[in-house]
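Visitor: Have a look at this one before I ask anything.
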Amino acid sequence: MFKTKFSKQSIAASLLLLLCAAFSSFAQNTATLSITGEVTTPLELKLADLASFKQVSHKVKDRDGKEHEFSGVALIEILEKAGVTTGSKLRGENLAKYLLISAADGYEVLYSLAEIDPDFTDQVILLATTKDGQPLANGEGPFRIITPNDKKPARWIREVRSIKVAFAKI
Amino acid sequence: MRKLLRTVLKDRSGWFKISMVCAVFICCGLIQSFQVDNQETYVLQYPANFGARFVIPADNPTTKDGVYLGRLLFYEKALSAKNNISCESCHQQKLAFTDGKAFSTGTDGSLTARNSMSLANLLWVRNFFWDGRSPGLEDQARFPLTDPHEMGQPLSESAKKINNTALYPPLFKKAFGSTVITEGQILKALSQFERTLISAGSNYDGYLAGNYKPTAQELRGLQLFESGPDPKNGVRGANCGHCHGGVKTFKELFHNNGLDSLVTDMGREQFTGQSTDRARFRVPTLRNIMLTAPYMHDGRFSTIEQVLDHYNEHIRQSPTLSSFLQDISNEIGGKNLALTRGEKADLIAFLGMLTDSSFISNPAFSNPHPVLNP
């Protein structure tokens, strides 16, 4: 009696799991990341589009206190692809530019453009797509920012959906 | 005047005529903007810790005349197809601008698809409705005015009806400087009034300002509300602040808070088209929460106790369930939040601190129309 009930439950549970897994990979492949604002070429990127960029990785301690290897693309490369004023163009009024990065749940963080540019810093800020070799999970991916030198990971924003480049206007 | 214009325009070249006409228009425009610029500004007052992260459209500054007009319109039944309901029908001041019902009844007697929302501190909201589909108050007001389950009347019809009253044309002239009432002006006036609905006079605000001493139970509730559970280090918490926190008890976030495994209302997905947004809804303000039952987008919980039982014991798994509600417990390896009955009571005591009696009794927000049979 108990046995049959138990197996029915486990079937239901595994079905749900299967559904979740299928959903997760489907959702990850269709999710997009937009780069807009002060750019010459606005971008709408899918996970597959990032394969053509150079892959970079960082081993860092996450919120859970454990070390993980995050891989993806240097954020600066994506900005360059969109035609943001980086490198030799990052001077004068362009130093008053910032990135407003928004997540699917509405969470937002801000970086100044100079914080990301290799002429200004050795830190490579990552747009991560995998963690320990696995695609980032639902609620974390498909895109997440990793900023190794930030002691507190509050700007390691998950589920990144849009990056807006703008001038500070006040 | 017409005669003069005709003589001036007669026998002149086309360019001259055009520039004369333009000049007249520009003069009219100047007069109009002069009238509006001359308006007395309504000063929005709020505590400094609320911050000023809000945008008021440049073409709809908040003025005393505009706010008063918006207030009249908020309580105006002529804006509904059958002249039987106003915004107030679903947004009553004494209930912090909700209506106490799971679903509300529209002008034709049909029910709305979702639970009516409290209208408090809208100044700081950037994406309106449970699914965040509307980007501003001026845009938002179109929905209730025209939706068949709400007031069900085309805006053009509303403007016509209002134009034909004795009351409104002079008030629109005062507020917007033109004699013809337009659809846009109705939306603008309503929005101006709604921006003034600021709730910042609760005991919680008093506590933050150092003017109110919470009871021991309220303080315990506040502590639980703000803290994430960390049983290894002996920290007990309910983690509510992660989504509902901050001095406004409102951060504009969208989450699936585990109401169902299989959903009927797609929530934010309906608007964004992204499947990762399934059953995500805007995290609503908890201001005046003890007055705004029933709770959630479908009004499924009639008491605050049921809400706490939900977060404590009945979170439903689904692919889009918020990660903030997974694997958190006050017991090591626990399957749910595992709050005690006493802790739930503490949380409710804290939520009671968010009731703002000055907000629900503020005469500036009440029905300004003379009530004949009170």
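Chain identifiers are assigned as A, B, and so on, following the order in which chains appear in the structure tokens; residues are numbered from 1 within each chain, and ligands are numbered from 1 in order of appearance.
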Assign secondary structure with DSSP using the backbone only, and return the residues of region 23-219 of chain B in strand (DSSP E or B) as a list in words.
Guide: Thr41, Thr63, Gln92, Thr98, Thr105, Leu111, Phe128 and Ser134 of chain B
Visitor: Would you save the residues from that selection as a PDB file, in the first residue's frame, using N, CA and C atoms?
Guide:
ATOM      1  N   THR B  41       2.528  75.591  -8.279  1.00  0.00           N
ATOM      2  CA  THR B  41       3.068  74.232  -8.175  1.00  0.00           C
ATOM      3  C   THR B  41       2.548  73.553  -6.915  1.00  0.00           C
ATOM      4  N   THR B  63       0.405  70.557 -10.456  1.00  0.00           N
ATOM      5  CA  THR B  63      -0.044  71.880 -10.027  1.00  0.00           C
ATOM      6  C   THR B  63      -1.260  71.739  -9.117  1.00  0.00           C
ATOM      7  N   GLN B  92     -10.847  52.518  -2.561  1.00  0.00           N
ATOM      8  CA  GLN B  92     -11.453  53.338  -1.496  1.00  0.00           C
ATOM      9  C   GLN B  92     -10.416  53.804  -0.485  1.00  0.00           C
ATOM     10  N   THR B  98      -7.950  50.273  -1.798  1.00  0.00           N
ATOM     11  CA  THR B  98      -8.323  48.970  -2.369  1.00  0.00           C
ATOM     12  C   THR B  98      -9.823  48.825  -2.126  1.00  0.00           C
ATOM     13  N   THR B 105     -15.938  44.578  -9.315  1.00  0.00           N
ATOM     14  CA  THR B 105     -17.023  44.595 -10.286  1.00  0.00           C
ATOM     15  C   THR B 105     -16.954  45.854 -11.144  1.00  0.00           C
ATOM     16  N   LEU B 111     -16.477  40.872 -13.717  1.00  0.00           N
ATOM     17  CA  LEU B 111     -15.392  40.947 -12.745  1.00  0.00           C
ATOM     18  C   LEU B 111     -14.052  41.213 -13.416  1.00  0.00           C
ATOM     19  N   PHE B 128       3.665  49.869 -13.873  1.00  0.00           N
ATOM     20  CA  PHE B 128       2.411  49.710 -13.160  1.00  0.00           C
ATOM     21  C   PHE B 128       1.706  48.393 -13.471  1.00  0.00           C
ATOM     22  N   SER B 134       2.557  48.672 -17.691  1.00  0.00           N
ATOM     23  CA  SER B 134       2.344  50.068 -18.052  1.00  0.00           C
ATOM     24  C   SER B 134       3.463  50.951 -17.497  1.00  0.00           C
TER      25      SER B 134
END
Visitor: Show me which bits of chain B are within 7 Å of chain A, counting only C-alpha atoms, as an MDAnalysis selection string.
Guide: chainID B and resid 252:255 274:276 319 322:323
Visitor: Keeping only N, CA and C atoms, write the selected residues to a file as an mmCIF file, in the first residue's frame.
Guide:
data_model
loop_
_atom_site.group_PDB
_atom_site.id
_atom_site.type_symbol
_atom_site.label_atom_id
_atom_site.label_comp_id
_atom_site.auth_asym_id
_atom_site.auth_seq_id
_atom_site.Cartn_x
_atom_site.Cartn_y
_atom_site.Cartn_z
ATOM 1 N N GLU B 252 11.092 47.885 -6.624
ATOM 2 C CA GLU B 252 10.343 47.449 -7.790
ATOM 3 C C GLU B 252 10.945 46.164 -8.369
ATOM 4 N N LEU B 253 10.471 45.033 -7.869
ATOM 5 C CA LEU B 253 10.985 43.738 -8.311
ATOM 6 C C LEU B 253 9.828 42.876 -8.799
ATOM 7 N N PHE B 254 10.165 41.875 -9.600
ATOM 8 C CA PHE B 254 9.171 40.938 -10.115
ATOM 9 C C PHE B 254 9.605 39.525 -9.762
ATOM 10 N N HIS B 255 8.751 38.825 -9.013
ATOM 11 C CA HIS B 255 9.115 37.461 -8.611
ATOM 12 C C HIS B 255 7.918 36.528 -8.642
ATOM 13 N N GLN B 274 8.871 36.361 -22.357
ATOM 14 C CA GLN B 274 9.977 35.475 -21.974
ATOM 15 C C GLN B 274 9.463 34.437 -20.983
ATOM 16 N N SER B 275 9.742 33.166 -21.294
ATOM 17 C CA SER B 275 9.169 32.104 -20.454
ATOM 18 C C SER B 275 9.758 32.103 -19.044
ATOM 19 N N THR B 276 10.935 32.712 -18.864
ATOM 20 C CA THR B 276 11.487 32.780 -17.506
ATOM 21 C C THR B 276 10.693 33.756 -16.634
ATOM 22 N N PRO B 319 9.374 25.873 -12.244
ATOM 23 C CA PRO B 319 10.654 26.276 -12.844
ATOM 24 C C PRO B 319 11.009 27.738 -12.601
ATOM 25 N N SER B 322 11.059 31.905 -7.406
ATOM 26 C CA SER B 322 12.186 32.769 -7.054
ATOM 27 C C SER B 322 13.248 32.005 -6.270
ATOM 28 N N SER B 323 14.513 32.226 -6.630
ATOM 29 C CA SER B 323 15.585 31.538 -5.903
ATOM 30 C C SER B 323 15.668 32.034 -4.460
#
Visitor: Might you pull out every residue within 12 Å of Asn233 (chain B), with only C-alpha atoms counted and same-chain residues fewer than 5 positions away left off, and present them as an MDAnalysis selection string?
Guide: chainID B and resid 228 330:332
Visitor: Could you give me, as a list in words, each residue of region 220-251 of chain B that DSSP assigns to helix (DSSP H, G or I) when run on this structure's backbone?
Guide: Arg220, Gly221, Leu222, Gln223, Leu224, Phe225, Glu226, Pro231, Lys232, Asn233, Gly241, His242, Cys243 and His244 of chain B
Visitor: Which residues, written as a PDB file with N, CA, C and O atoms, in the first residue's frame, have at least one atom at most 7 Å from Phe193 (chain B), with only C-alpha atoms counted and residues fewer than 6 positions away on the same chain left out?
Guide:
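As written to disk, out.pdb reads:
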ATOM      1  N   VAL B  67      -4.158  68.914  -9.593  1.00  0.00           N
ATOM      2  CA  VAL B  67      -4.384  67.888  -8.572  1.00  0.00           C
ATOM      3  C   VAL B  67      -5.855  67.908  -8.136  1.00  0.00           C
ATOM      4  O   VAL B  67      -6.489  66.858  -8.013  1.00  0.00           O
ATOM      5  N   TYR B  68      -6.384  69.102  -7.929  1.00  0.00           N
ATOM      6  CA  TYR B  68      -7.793  69.189  -7.500  1.00  0.00           C
ATOM      7  C   TYR B  68      -8.716  68.632  -8.580  1.00  0.00           C
ATOM      8  O   TYR B  68      -9.649  67.877  -8.296  1.00  0.00           O
ATOM      9  N   GLY B  70      -7.925  66.413 -10.819  1.00  0.00           N
ATOM     10  CA  GLY B  70      -7.724  64.965 -10.843  1.00  0.00           C
ATOM     11  C   GLY B  70      -8.508  64.279  -9.735  1.00  0.00           C
ATOM     12  O   GLY B  70      -9.071  63.195  -9.920  1.00  0.00           O
ATOM     13  N   ARG B  71      -8.561  64.953  -8.590  1.00  0.00           N
ATOM     14  CA  ARG B  71      -9.303  64.384  -7.461  1.00  0.00           C
ATOM     15  C   ARG B  71     -10.791  64.318  -7.792  1.00  0.00           C
ATOM     16  O   ARG B  71     -11.455  63.314  -7.525  1.00  0.00           O
TER      17      ARG B  71
END
Visitor: Residues at most 7 Å from region 205-218 of chain B, counting only C-alpha atoms, excluding those fewer than 3 positions away in the same chain, as a short mmCIF file (atom, residue, chain, number, x, y, z; two decimals) with C-alpha atoms, in the first residue's frame?
Guide:
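Listed below is the output, around.cif:
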data_model
loop_
_atom_site.label_atom_id
_atom_site.label_comp_id
_atom_site.auth_asym_id
_atom_site.auth_seq_id
_atom_site.Cartn_x
_atom_site.Cartn_y
_atom_site.Cartn_z
CA ALA B 200 4.73 58.19 4.94
CA GLY B 201 3.02 58.70 8.29
CA SER B 202 3.03 55.18 9.75
CA GLY B 221 8.94 41.26 13.94
CA LEU B 222 11.07 43.92 12.26
CA ASP B 346 5.74 39.03 15.74
CA ALA B 349 2.83 43.02 14.72
CA PHE B 350 5.55 44.56 12.55
#
Visitor: When you look at Phe120 (chain A) with a cut-off of 10 Å (counting only C-alpha atoms), what residues show up, excluding the ones that are within fewer than 5 positions of it in the same chain? I need them as a PyMOL selection string.
Guide: chain A and resi 87+90+113-115
Visitor: Mind writing the picked residues with C-alpha atoms as a short mmCIF file (atom, residue, chain, number, x, y, z; two decimals), in the first residue's frame?
Guide:
data_model
loop_
_atom_site.label_atom_id
_atom_site.label_comp_id
_atom_site.auth_asym_id
_atom_site.auth_seq_id
_atom_site.Cartn_x
_atom_site.Cartn_y
_atom_site.Cartn_z
CA GLY A 87 40.03 52.62 -24.96
CA LEU A 90 37.31 56.96 -23.21
CA LEU A 113 32.46 52.95 -18.03
CA ALA A 114 36.02 53.55 -16.83
CA GLU A 115 35.63 50.79 -14.20
#
Visitor: Could you list, with a cut-off of 12 Å and counting only C-alpha atoms, the residues of region 43-91 of chain A near region 151-155 of chain A, each shown with its nearest atom pair and the distance in Å rounded to one decimal, rows sorted by chain and ascending number, as JSON lines?
Guide:
{"residue": "A:Val60", "atom": "CA", "partner": "A:Pro153", "partner_atom": "CA", "distance": 10.4}
{"residue": "A:Lys61", "atom": "CA", "partner": "A:Pro153", "partner_atom": "CA", "distance": 9.2}
{"residue": "A:Asp62", "atom": "CA", "partner": "A:Pro153", "partner_atom": "CA", "distance": 7.2}
{"residue": "A:Arg63", "atom": "CA", "partner": "A:Pro153", "partner_atom": "CA", "distance": 6.8}
{"residue": "A:Asp64", "atom": "CA", "partner": "A:Pro153", "partner_atom": "CA", "distance": 10.6}
{"residue": "A:Gly65", "atom": "CA", "partner": "A:Pro153", "partner_atom": "CA", "distance": 10.9}
Visitor: Let me see the file: selected residues, N, CA, C and O atoms, as a short mmCIF file (atom, residue, chain, number, x, y, z; two decimals), in the first residue's frame.
Guide:
data_model
loop_
_atom_site.label_atom_id
_atom_site.label_comp_id
_atom_site.auth_asym_id
_atom_site.auth_seq_id
_atom_site.Cartn_x
_atom_site.Cartn_y
_atom_site.Cartn_z
N VAL A 60 36.34 32.30 -8.44
CA VAL A 60 36.03 33.24 -7.35
C VAL A 60 35.10 32.61 -6.33
O VAL A 60 34.38 31.66 -6.63
N LYS A 61 35.10 33.19 -5.13
CA LYS A 61 34.20 32.74 -4.07
C LYS A 61 32.86 33.44 -4.26
O LYS A 61 32.80 34.67 -4.32
N ASP A 62 31.78 32.67 -4.35
CA ASP A 62 30.44 33.24 -4.52
C ASP A 62 29.80 33.44 -3.15
O ASP A 62 30.39 33.16 -2.11
N ARG A 63 28.55 33.90 -3.20
CA ARG A 63 27.75 34.14 -2.01
C ARG A 63 27.72 32.94 -1.05
O ARG A 63 27.65 33.10 0.17
N ASP A 64 27.75 31.72 -1.62
CA ASP A 64 27.69 30.52 -0.78
C ASP A 64 29.00 30.24 -0.06
O ASP A 64 29.13 29.24 0.64
N GLY A 65 29.99 31.13 -0.25
CA GLY A 65 31.26 30.96 0.45
C GLY A 65 32.19 29.95 -0.23
O GLY A 65 33.31 29.74 0.23
#
